[in-house]
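> upload_19.txt is reproduced in full below (compact mmCIF, N, CA and C atoms).
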# COMPACT_ATOMS: atom_id res chain seq x y z
N MET F 1 0.84 -1.18 0.00
CA MET F 1 0.00 0.00 0.00
C MET F 1 0.89 1.25 0.00
N THR F 2 0.56 2.20 -0.83
CA THR F 2 1.33 3.44 -0.93
C THR F 2 0.81 4.42 0.10
N THR F 3 1.73 5.07 0.80
CA THR F 3 1.29 6.04 1.80
C THR F 3 0.87 7.33 1.14
N LEU F 4 0.08 8.12 1.86
CA LEU F 4 -0.43 9.37 1.33
C LEU F 4 0.70 10.32 0.99
N SER F 5 1.73 10.41 1.82
CA SER F 5 2.81 11.35 1.54
C SER F 5 3.56 10.97 0.27
N VAL F 6 3.64 9.68 -0.04
CA VAL F 6 4.29 9.27 -1.27
C VAL F 6 3.39 9.62 -2.46
N CYS F 7 2.09 9.39 -2.32
CA CYS F 7 1.15 9.71 -3.41
C CYS F 7 1.15 11.20 -3.73
N LEU F 8 1.15 12.03 -2.73
CA LEU F 8 1.07 13.46 -2.93
C LEU F 8 2.43 14.12 -3.06
N GLY F 9 3.45 13.43 -2.61
CA GLY F 9 4.78 14.01 -2.63
C GLY F 9 5.04 14.76 -1.34
N GLU F 10 6.20 14.59 -0.78
CA GLU F 10 6.55 15.27 0.47
C GLU F 10 6.44 16.78 0.33
N GLU F 11 6.81 17.31 -0.84
CA GLU F 11 6.74 18.76 -1.06
C GLU F 11 5.33 19.28 -0.85
N MET F 12 4.36 18.62 -1.45
CA MET F 12 2.99 19.07 -1.36
C MET F 12 2.50 19.00 0.08
N MET F 13 2.85 17.94 0.78
CA MET F 13 2.41 17.79 2.17
C MET F 13 2.94 18.94 3.02
N SER F 14 4.22 19.28 2.89
CA SER F 14 4.78 20.35 3.71
C SER F 14 4.23 21.70 3.30
N ALA F 15 3.95 21.89 2.03
CA ALA F 15 3.44 23.18 1.56
C ALA F 15 2.00 23.41 1.99
N THR F 16 1.25 22.35 2.22
CA THR F 16 -0.16 22.51 2.55
C THR F 16 -0.46 22.37 4.03
N ALA F 17 0.48 21.82 4.79
CA ALA F 17 0.21 21.57 6.21
C ALA F 17 -0.21 22.85 6.91
N LYS F 18 -1.24 22.71 7.71
CA LYS F 18 -1.76 23.78 8.56
C LYS F 18 -2.59 24.83 7.81
N ALA F 19 -2.59 24.86 6.51
CA ALA F 19 -3.39 25.85 5.80
C ALA F 19 -4.87 25.53 6.00
N LYS F 20 -5.63 26.53 6.42
CA LYS F 20 -7.06 26.35 6.65
C LYS F 20 -7.81 26.70 5.37
N ILE F 21 -8.65 25.76 4.92
CA ILE F 21 -9.45 25.94 3.72
C ILE F 21 -10.92 25.91 4.12
N LEU F 22 -11.66 26.91 3.68
CA LEU F 22 -13.10 26.95 3.90
C LEU F 22 -13.79 26.40 2.66
N VAL F 23 -14.55 25.33 2.83
CA VAL F 23 -15.31 24.73 1.73
C VAL F 23 -16.77 25.13 1.90
N ALA F 24 -17.26 25.97 1.01
CA ALA F 24 -18.65 26.42 1.03
C ALA F 24 -19.40 25.63 -0.03
N GLU F 25 -20.09 24.60 0.40
CA GLU F 25 -20.75 23.66 -0.51
C GLU F 25 -21.97 23.09 0.18
N ASP F 26 -23.14 23.20 -0.47
CA ASP F 26 -24.37 22.71 0.16
C ASP F 26 -24.69 21.25 -0.17
N ASP F 27 -24.06 20.68 -1.17
CA ASP F 27 -24.30 19.28 -1.51
C ASP F 27 -23.48 18.40 -0.56
N ASP F 28 -24.15 17.58 0.24
CA ASP F 28 -23.49 16.77 1.27
C ASP F 28 -22.42 15.84 0.70
N VAL F 29 -22.72 15.16 -0.40
CA VAL F 29 -21.78 14.21 -0.97
C VAL F 29 -20.52 14.93 -1.46
N THR F 30 -20.71 16.01 -2.19
CA THR F 30 -19.56 16.78 -2.68
C THR F 30 -18.76 17.36 -1.52
N GLN F 31 -19.47 17.89 -0.54
CA GLN F 31 -18.81 18.48 0.62
C GLN F 31 -17.93 17.45 1.34
N LYS F 32 -18.47 16.26 1.59
CA LYS F 32 -17.71 15.22 2.29
C LYS F 32 -16.52 14.73 1.47
N LEU F 33 -16.72 14.57 0.17
CA LEU F 33 -15.64 14.12 -0.71
C LEU F 33 -14.49 15.12 -0.73
N VAL F 34 -14.81 16.39 -0.93
CA VAL F 34 -13.78 17.43 -0.99
C VAL F 34 -13.09 17.56 0.37
N LYS F 35 -13.87 17.57 1.43
CA LYS F 35 -13.30 17.69 2.78
C LYS F 35 -12.32 16.56 3.06
N ARG F 36 -12.73 15.34 2.79
CA ARG F 36 -11.89 14.18 3.05
C ARG F 36 -10.60 14.25 2.22
N PHE F 37 -10.71 14.58 0.94
CA PHE F 37 -9.54 14.65 0.07
C PHE F 37 -8.58 15.75 0.53
N LEU F 38 -9.12 16.91 0.86
CA LEU F 38 -8.26 18.01 1.29
C LEU F 38 -7.58 17.71 2.62
N GLU F 39 -8.29 17.08 3.53
CA GLU F 39 -7.67 16.69 4.81
C GLU F 39 -6.55 15.69 4.58
N ARG F 40 -6.77 14.73 3.70
CA ARG F 40 -5.73 13.75 3.37
C ARG F 40 -4.56 14.40 2.64
N SER F 41 -4.81 15.56 2.05
CA SER F 41 -3.75 16.30 1.36
C SER F 41 -3.01 17.23 2.30
N GLY F 42 -3.38 17.23 3.58
CA GLY F 42 -2.66 18.00 4.58
C GLY F 42 -3.29 19.31 4.98
N PHE F 43 -4.49 19.59 4.50
CA PHE F 43 -5.15 20.85 4.84
C PHE F 43 -6.01 20.72 6.09
N ASN F 44 -6.21 21.82 6.76
CA ASN F 44 -7.17 21.94 7.85
C ASN F 44 -8.44 22.47 7.18
N VAL F 45 -9.54 21.73 7.22
CA VAL F 45 -10.74 22.07 6.46
C VAL F 45 -11.90 22.45 7.37
N VAL F 46 -12.55 23.55 7.02
CA VAL F 46 -13.76 24.02 7.68
C VAL F 46 -14.84 24.02 6.60
N VAL F 47 -16.05 23.56 6.94
CA VAL F 47 -17.11 23.51 5.94
C VAL F 47 -18.30 24.39 6.32
N ALA F 48 -18.98 24.85 5.29
CA ALA F 48 -20.21 25.62 5.46
C ALA F 48 -21.26 25.07 4.51
N ASP F 49 -22.49 24.94 5.00
CA ASP F 49 -23.59 24.39 4.21
C ASP F 49 -24.34 25.44 3.40
N ASN F 50 -24.10 26.70 3.69
CA ASN F 50 -24.81 27.76 2.97
C ASN F 50 -23.92 29.01 2.91
N GLY F 51 -24.30 29.95 2.08
CA GLY F 51 -23.49 31.13 1.87
C GLY F 51 -23.38 32.04 3.07
N GLU F 52 -24.44 32.14 3.83
CA GLU F 52 -24.43 32.98 5.03
C GLU F 52 -23.43 32.43 6.05
N GLU F 53 -23.48 31.14 6.29
CA GLU F 53 -22.54 30.49 7.20
C GLU F 53 -21.11 30.64 6.68
N ALA F 54 -20.93 30.48 5.38
CA ALA F 54 -19.60 30.62 4.77
C ALA F 54 -19.05 32.02 4.99
N PHE F 55 -19.89 33.03 4.79
CA PHE F 55 -19.43 34.41 4.99
C PHE F 55 -19.00 34.64 6.44
N ASN F 56 -19.80 34.17 7.38
CA ASN F 56 -19.46 34.33 8.80
C ASN F 56 -18.15 33.60 9.14
N LEU F 57 -17.96 32.40 8.59
CA LEU F 57 -16.73 31.65 8.84
C LEU F 57 -15.52 32.31 8.18
N ALA F 58 -15.74 32.91 7.02
CA ALA F 58 -14.65 33.61 6.34
C ALA F 58 -14.13 34.76 7.20
N LEU F 59 -15.04 35.41 7.92
CA LEU F 59 -14.66 36.52 8.78
C LEU F 59 -14.06 36.06 10.11
N SER F 60 -14.62 34.98 10.68
CA SER F 60 -14.20 34.57 12.03
C SER F 60 -13.06 33.56 12.05
N ASP F 61 -12.98 32.68 11.06
CA ASP F 61 -11.99 31.60 11.09
C ASP F 61 -10.71 31.91 10.32
N HIS F 62 -10.70 32.97 9.56
CA HIS F 62 -9.52 33.41 8.81
C HIS F 62 -8.89 32.31 7.97
N PRO F 63 -9.66 31.72 7.05
CA PRO F 63 -9.07 30.68 6.19
C PRO F 63 -8.05 31.29 5.22
N ALA F 64 -7.17 30.44 4.71
CA ALA F 64 -6.18 30.88 3.72
C ALA F 64 -6.83 31.01 2.35
N VAL F 65 -7.80 30.13 2.06
CA VAL F 65 -8.49 30.07 0.77
C VAL F 65 -9.92 29.61 1.00
N VAL F 66 -10.84 30.12 0.17
CA VAL F 66 -12.23 29.66 0.19
C VAL F 66 -12.52 28.94 -1.12
N LEU F 67 -13.15 27.76 -1.02
CA LEU F 67 -13.70 27.07 -2.18
C LEU F 67 -15.19 27.34 -2.14
N LEU F 68 -15.72 27.98 -3.17
CA LEU F 68 -17.08 28.49 -3.13
C LEU F 68 -17.95 27.93 -4.24
N ASP F 69 -19.02 27.26 -3.85
CA ASP F 69 -20.06 26.87 -4.80
C ASP F 69 -20.94 28.09 -5.03
N LEU F 70 -21.43 28.28 -6.23
CA LEU F 70 -22.28 29.45 -6.51
C LEU F 70 -23.73 29.25 -6.12
N MET F 71 -24.24 28.04 -6.26
CA MET F 71 -25.65 27.79 -6.00
C MET F 71 -25.83 27.22 -4.59
N MET F 72 -26.03 28.14 -3.63
CA MET F 72 -26.20 27.75 -2.24
C MET F 72 -27.39 28.47 -1.63
N PRO F 73 -27.98 27.88 -0.58
CA PRO F 73 -29.09 28.55 0.11
C PRO F 73 -28.62 29.72 0.96
N LYS F 74 -29.56 30.54 1.36
CA LYS F 74 -29.41 31.71 2.24
C LYS F 74 -28.64 32.86 1.62
N LEU F 75 -27.51 32.57 0.99
CA LEU F 75 -26.72 33.59 0.30
C LEU F 75 -25.97 32.85 -0.80
N ASP F 76 -26.28 33.18 -2.06
CA ASP F 76 -25.60 32.45 -3.13
C ASP F 76 -24.15 32.91 -3.26
N GLY F 77 -23.40 32.26 -4.11
CA GLY F 77 -21.98 32.58 -4.27
C GLY F 77 -21.73 34.01 -4.70
N PHE F 78 -22.60 34.55 -5.57
CA PHE F 78 -22.43 35.94 -6.01
C PHE F 78 -22.65 36.90 -4.84
N GLY F 79 -23.64 36.61 -4.01
CA GLY F 79 -23.89 37.42 -2.83
C GLY F 79 -22.72 37.34 -1.85
N PHE F 80 -22.16 36.14 -1.71
CA PHE F 80 -20.99 35.95 -0.85
C PHE F 80 -19.83 36.81 -1.35
N LEU F 81 -19.54 36.73 -2.64
CA LEU F 81 -18.43 37.49 -3.22
C LEU F 81 -18.64 39.00 -3.04
N ASN F 82 -19.87 39.44 -3.27
CA ASN F 82 -20.18 40.86 -3.13
C ASN F 82 -19.99 41.32 -1.69
N ALA F 83 -20.47 40.53 -0.74
CA ALA F 83 -20.33 40.88 0.68
C ALA F 83 -18.86 40.82 1.11
N LEU F 84 -18.15 39.84 0.61
CA LEU F 84 -16.75 39.66 1.01
C LEU F 84 -15.89 40.85 0.58
N ARG F 85 -16.12 41.38 -0.60
CA ARG F 85 -15.24 42.43 -1.11
C ARG F 85 -15.38 43.76 -0.36
N THR F 86 -16.43 43.90 0.43
CA THR F 86 -16.57 45.11 1.24
C THR F 86 -16.38 44.82 2.73
N SER F 87 -15.82 43.65 3.03
CA SER F 87 -15.62 43.24 4.43
C SER F 87 -14.15 43.34 4.82
N THR F 88 -13.88 42.97 6.05
CA THR F 88 -12.50 42.95 6.54
C THR F 88 -11.68 41.83 5.90
N ALA F 89 -12.32 40.89 5.24
CA ALA F 89 -11.64 39.78 4.58
C ALA F 89 -11.59 39.98 3.06
N ALA F 90 -11.61 41.23 2.63
CA ALA F 90 -11.71 41.55 1.20
C ALA F 90 -10.64 40.91 0.32
N GLY F 91 -9.44 40.69 0.80
CA GLY F 91 -8.38 40.13 -0.03
C GLY F 91 -8.29 38.62 -0.02
N LEU F 92 -9.22 37.96 0.64
CA LEU F 92 -9.20 36.51 0.78
C LEU F 92 -9.35 35.83 -0.59
N PRO F 93 -8.43 34.93 -0.95
CA PRO F 93 -8.57 34.22 -2.23
C PRO F 93 -9.80 33.31 -2.22
N VAL F 94 -10.58 33.40 -3.29
CA VAL F 94 -11.79 32.59 -3.43
C VAL F 94 -11.72 31.85 -4.76
N ILE F 95 -11.77 30.54 -4.68
CA ILE F 95 -11.82 29.71 -5.87
C ILE F 95 -13.25 29.22 -6.02
N VAL F 96 -13.90 29.66 -7.06
CA VAL F 96 -15.27 29.23 -7.32
C VAL F 96 -15.21 27.83 -7.92
N THR F 97 -16.00 26.92 -7.36
CA THR F 97 -16.15 25.57 -7.90
C THR F 97 -17.64 25.40 -8.18
N SER F 98 -18.00 25.45 -9.45
CA SER F 98 -19.42 25.47 -9.79
C SER F 98 -19.74 24.56 -10.97
N ALA F 99 -20.96 24.09 -10.99
CA ALA F 99 -21.46 23.33 -12.14
C ALA F 99 -21.87 24.27 -13.27
N LEU F 100 -21.97 25.57 -12.97
CA LEU F 100 -22.36 26.56 -13.97
C LEU F 100 -21.16 26.86 -14.87
N ALA F 101 -21.26 26.45 -16.13
CA ALA F 101 -20.12 26.55 -17.03
C ALA F 101 -20.19 27.72 -18.00
N ASP F 102 -21.27 28.50 -17.97
CA ASP F 102 -21.38 29.57 -18.96
C ASP F 102 -20.44 30.73 -18.66
N SER F 103 -19.96 31.35 -19.71
CA SER F 103 -18.95 32.41 -19.57
C SER F 103 -19.49 33.65 -18.87
N ALA F 104 -20.78 33.93 -18.96
CA ALA F 104 -21.35 35.10 -18.30
C ALA F 104 -21.22 34.97 -16.78
N ARG F 105 -21.49 33.79 -16.25
CA ARG F 105 -21.38 33.59 -14.80
C ARG F 105 -19.91 33.61 -14.37
N GLN F 106 -19.05 33.04 -15.18
CA GLN F 106 -17.62 33.07 -14.87
C GLN F 106 -17.12 34.51 -14.83
N THR F 107 -17.50 35.29 -15.81
CA THR F 107 -17.11 36.70 -15.88
C THR F 107 -17.64 37.46 -14.67
N GLN F 108 -18.89 37.20 -14.31
CA GLN F 108 -19.50 37.87 -13.16
C GLN F 108 -18.76 37.52 -11.87
N ALA F 109 -18.46 36.25 -11.67
CA ALA F 109 -17.76 35.83 -10.45
C ALA F 109 -16.37 36.47 -10.37
N LEU F 110 -15.65 36.48 -11.46
CA LEU F 110 -14.32 37.07 -11.48
C LEU F 110 -14.39 38.58 -11.26
N ALA F 111 -15.41 39.22 -11.81
CA ALA F 111 -15.58 40.66 -11.62
C ALA F 111 -15.90 41.00 -10.17
N LEU F 112 -16.55 40.07 -9.47
CA LEU F 112 -16.88 40.29 -8.05
C LEU F 112 -15.72 39.92 -7.13
N GLY F 113 -14.60 39.48 -7.69
CA GLY F 113 -13.43 39.24 -6.86
C GLY F 113 -12.97 37.80 -6.73
N ALA F 114 -13.63 36.86 -7.40
CA ALA F 114 -13.14 35.48 -7.35
C ALA F 114 -11.74 35.43 -7.94
N SER F 115 -10.88 34.64 -7.34
CA SER F 115 -9.51 34.50 -7.81
C SER F 115 -9.42 33.57 -9.02
N GLU F 116 -10.30 32.57 -9.02
CA GLU F 116 -10.28 31.56 -10.06
C GLU F 116 -11.67 30.94 -10.16
N TYR F 117 -11.99 30.36 -11.32
CA TYR F 117 -13.29 29.75 -11.54
C TYR F 117 -13.06 28.37 -12.14
N LEU F 118 -13.46 27.33 -11.41
CA LEU F 118 -13.31 25.96 -11.88
C LEU F 118 -14.69 25.34 -12.07
N VAL F 119 -14.90 24.74 -13.22
CA VAL F 119 -16.17 24.06 -13.51
C VAL F 119 -16.06 22.63 -12.99
N LYS F 120 -17.01 22.24 -12.17
CA LYS F 120 -16.95 20.96 -11.45
C LYS F 120 -16.73 19.75 -12.36
N THR F 121 -17.28 19.76 -13.53
CA THR F 121 -17.12 18.60 -14.41
C THR F 121 -15.80 18.60 -15.16
N LYS F 122 -14.98 19.64 -14.97
CA LYS F 122 -13.75 19.76 -15.76
C LYS F 122 -12.47 19.77 -14.93
N PHE F 123 -12.54 19.44 -13.65
CA PHE F 123 -11.31 19.36 -12.86
C PHE F 123 -11.32 18.14 -11.96
N THR F 124 -10.13 17.69 -11.60
CA THR F 124 -9.99 16.57 -10.68
C THR F 124 -9.70 17.13 -9.28
N LEU F 125 -9.75 16.28 -8.29
CA LEU F 125 -9.43 16.72 -6.94
C LEU F 125 -7.95 17.13 -6.84
N ALA F 126 -7.10 16.46 -7.59
CA ALA F 126 -5.68 16.86 -7.62
C ALA F 126 -5.53 18.25 -8.24
N ASP F 127 -6.32 18.56 -9.27
CA ASP F 127 -6.31 19.91 -9.85
C ASP F 127 -6.74 20.94 -8.81
N LEU F 128 -7.70 20.57 -7.99
CA LEU F 128 -8.19 21.47 -6.95
C LEU F 128 -7.09 21.79 -5.94
N VAL F 129 -6.33 20.79 -5.54
CA VAL F 129 -5.22 21.00 -4.61
C VAL F 129 -4.19 21.94 -5.24
N GLU F 130 -3.88 21.74 -6.49
CA GLU F 130 -2.93 22.61 -7.18
C GLU F 130 -3.44 24.05 -7.23
N ALA F 131 -4.73 24.22 -7.49
CA ALA F 131 -5.31 25.56 -7.51
C ALA F 131 -5.20 26.22 -6.14
N ILE F 132 -5.50 25.48 -5.10
CA ILE F 132 -5.39 26.02 -3.73
C ILE F 132 -3.96 26.45 -3.45
N ARG F 133 -3.02 25.61 -3.79
CA ARG F 133 -1.61 25.90 -3.50
C ARG F 133 -1.14 27.20 -4.15
N ARG F 134 -1.73 27.57 -5.27
CA ARG F 134 -1.35 28.83 -5.93
C ARG F 134 -1.66 30.06 -5.06
N TYR F 135 -2.59 29.92 -4.13
CA TYR F 135 -3.03 31.05 -3.32
C TYR F 135 -2.59 31.00 -1.87
N LEU F 136 -1.81 29.97 -1.51
CA LEU F 136 -1.36 29.87 -0.12
C LEU F 136 -0.26 30.89 0.16
N PRO F 137 -0.26 31.43 1.37
CA PRO F 137 0.83 32.33 1.74
C PRO F 137 2.16 31.58 1.73
N PRO F 138 3.24 32.26 1.41
CA PRO F 138 4.54 31.57 1.32
C PRO F 138 5.04 30.99 2.63
N ASP F 139 4.54 31.48 3.76
CA ASP F 139 5.02 30.99 5.04
C ASP F 139 4.25 29.80 5.59
N THR F 140 3.32 29.23 4.80
CA THR F 140 2.59 28.05 5.24
C THR F 140 3.57 26.88 5.29
N SER F 141 3.68 26.26 6.46
CA SER F 141 4.67 25.19 6.61
C SER F 141 4.14 24.05 7.47
N ALA F 142 4.92 23.00 7.51
CA ALA F 142 4.54 21.82 8.29
C ALA F 142 4.67 22.12 9.78
N ALA F 143 3.93 21.34 10.57
CA ALA F 143 3.94 21.52 12.03
C ALA F 143 5.28 21.13 12.60
Now that the file is in, can you turn its structure into C-alpha cells?

Amino acid sequence: MTTLSVCLGEEMMSATAKAKILVAEDDDVTQKLVKRFLERSGFNVVVADNGEEAFNLALSDHPAVVLLDLMMPKLDGFGFLNALRTSTAAGLPVIVTSALADSARQTQALALGASEYLVKTKFTLADLVEAIRRYLPPDTSAA
C-alpha cells in the first residue's frame, strides 16, 4: 500500500500543512468528498452548508483560501463574493467551484473578486489542490 505522503509528494504535504481551507458547498456528498480529500492532502478544512454560514466563517476563522459553490441557500456565491469584497476579509482568495459553465457567470464571479473559476465537471481533486496551492501564503509550513 502506498502512503499518502508518497502519493502526494513530500513537497505538497509540507506546503499545505496547517493551511485552513473553507469549503462552502451545500451538496453533502460533494462536501464530504472534498473535505476528506483536502484533509488527506494535509489541509485543515472548515465547511459551510450555505453562503451565510460561509461568509461568517470567512470573517471569524480566517481561512487561507475559500472554495465556493455558486448555487447555495441563504446567500448564493455571487452574494458571498459581493459581501466579502466590502468586508475585513476583502483580499481573501476565493476559488469558485461550480457546475455553472457559462462564460457570463464566470465573468460575473471574477468581476466580483473570485480568484479563479473551476467548472466541477472539468477538474480533478488533484487539480483542486494545485489551484489552492497557488493562493497559499509563502510561510505556510509543516507543524
> Skip Leu68 in chain F itself and residues of its chain fewer than 5 positions away, then list as a PyMOL selection string all residues within 6.5 Å of it, counting all atoms listed in the file.
chain F and resi 22-25+77+94-98
> Pick from F:Val47, F:Leu128, F:Arg133, F:Pro93: nearest to Glu116 in chain F, with all atoms listed in the file counted?
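Among F:Val47, F:Leu128, F:Arg133, F:Pro93, it is F:Pro93 that comes nearest to Glu116 in chain F.
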> For CA of Leu118 in chain F and atom C of Val66 in chain F, determine how far apart the two atoms are, in Å to one decimal place.
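Separation between CA of Leu118 in chain F and atom C of Val66 in chain F: 11.2 Å.
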> In terms of the shortest atom-to-atom distance over only C-alpha atoms, which of F:Phe43, F:Val65, F:Leu57, F:Asp49 is closest to Asp28 in chain F?
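Between F:Phe43, F:Val65, F:Leu57, F:Asp49, the residue approaching Asp28 in chain F most closely is F:Asp49.
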> Find, counting all atoms listed in the file, the residue in F:Val129, F:Ala114, F:Val119, F:Ala19 that gets nearest to Asn82 in chain F.
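Distance minimum relative to Asn82 in chain F lands on F:Ala114.
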> Rounded to one decimal place, report the atom C of Asp27 in chain F-CA of Ala54 in chain F distance in Å.
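Going from atom C of Asp27 in chain F over to CA of Ala54 in chain F covers 13.9 Å.
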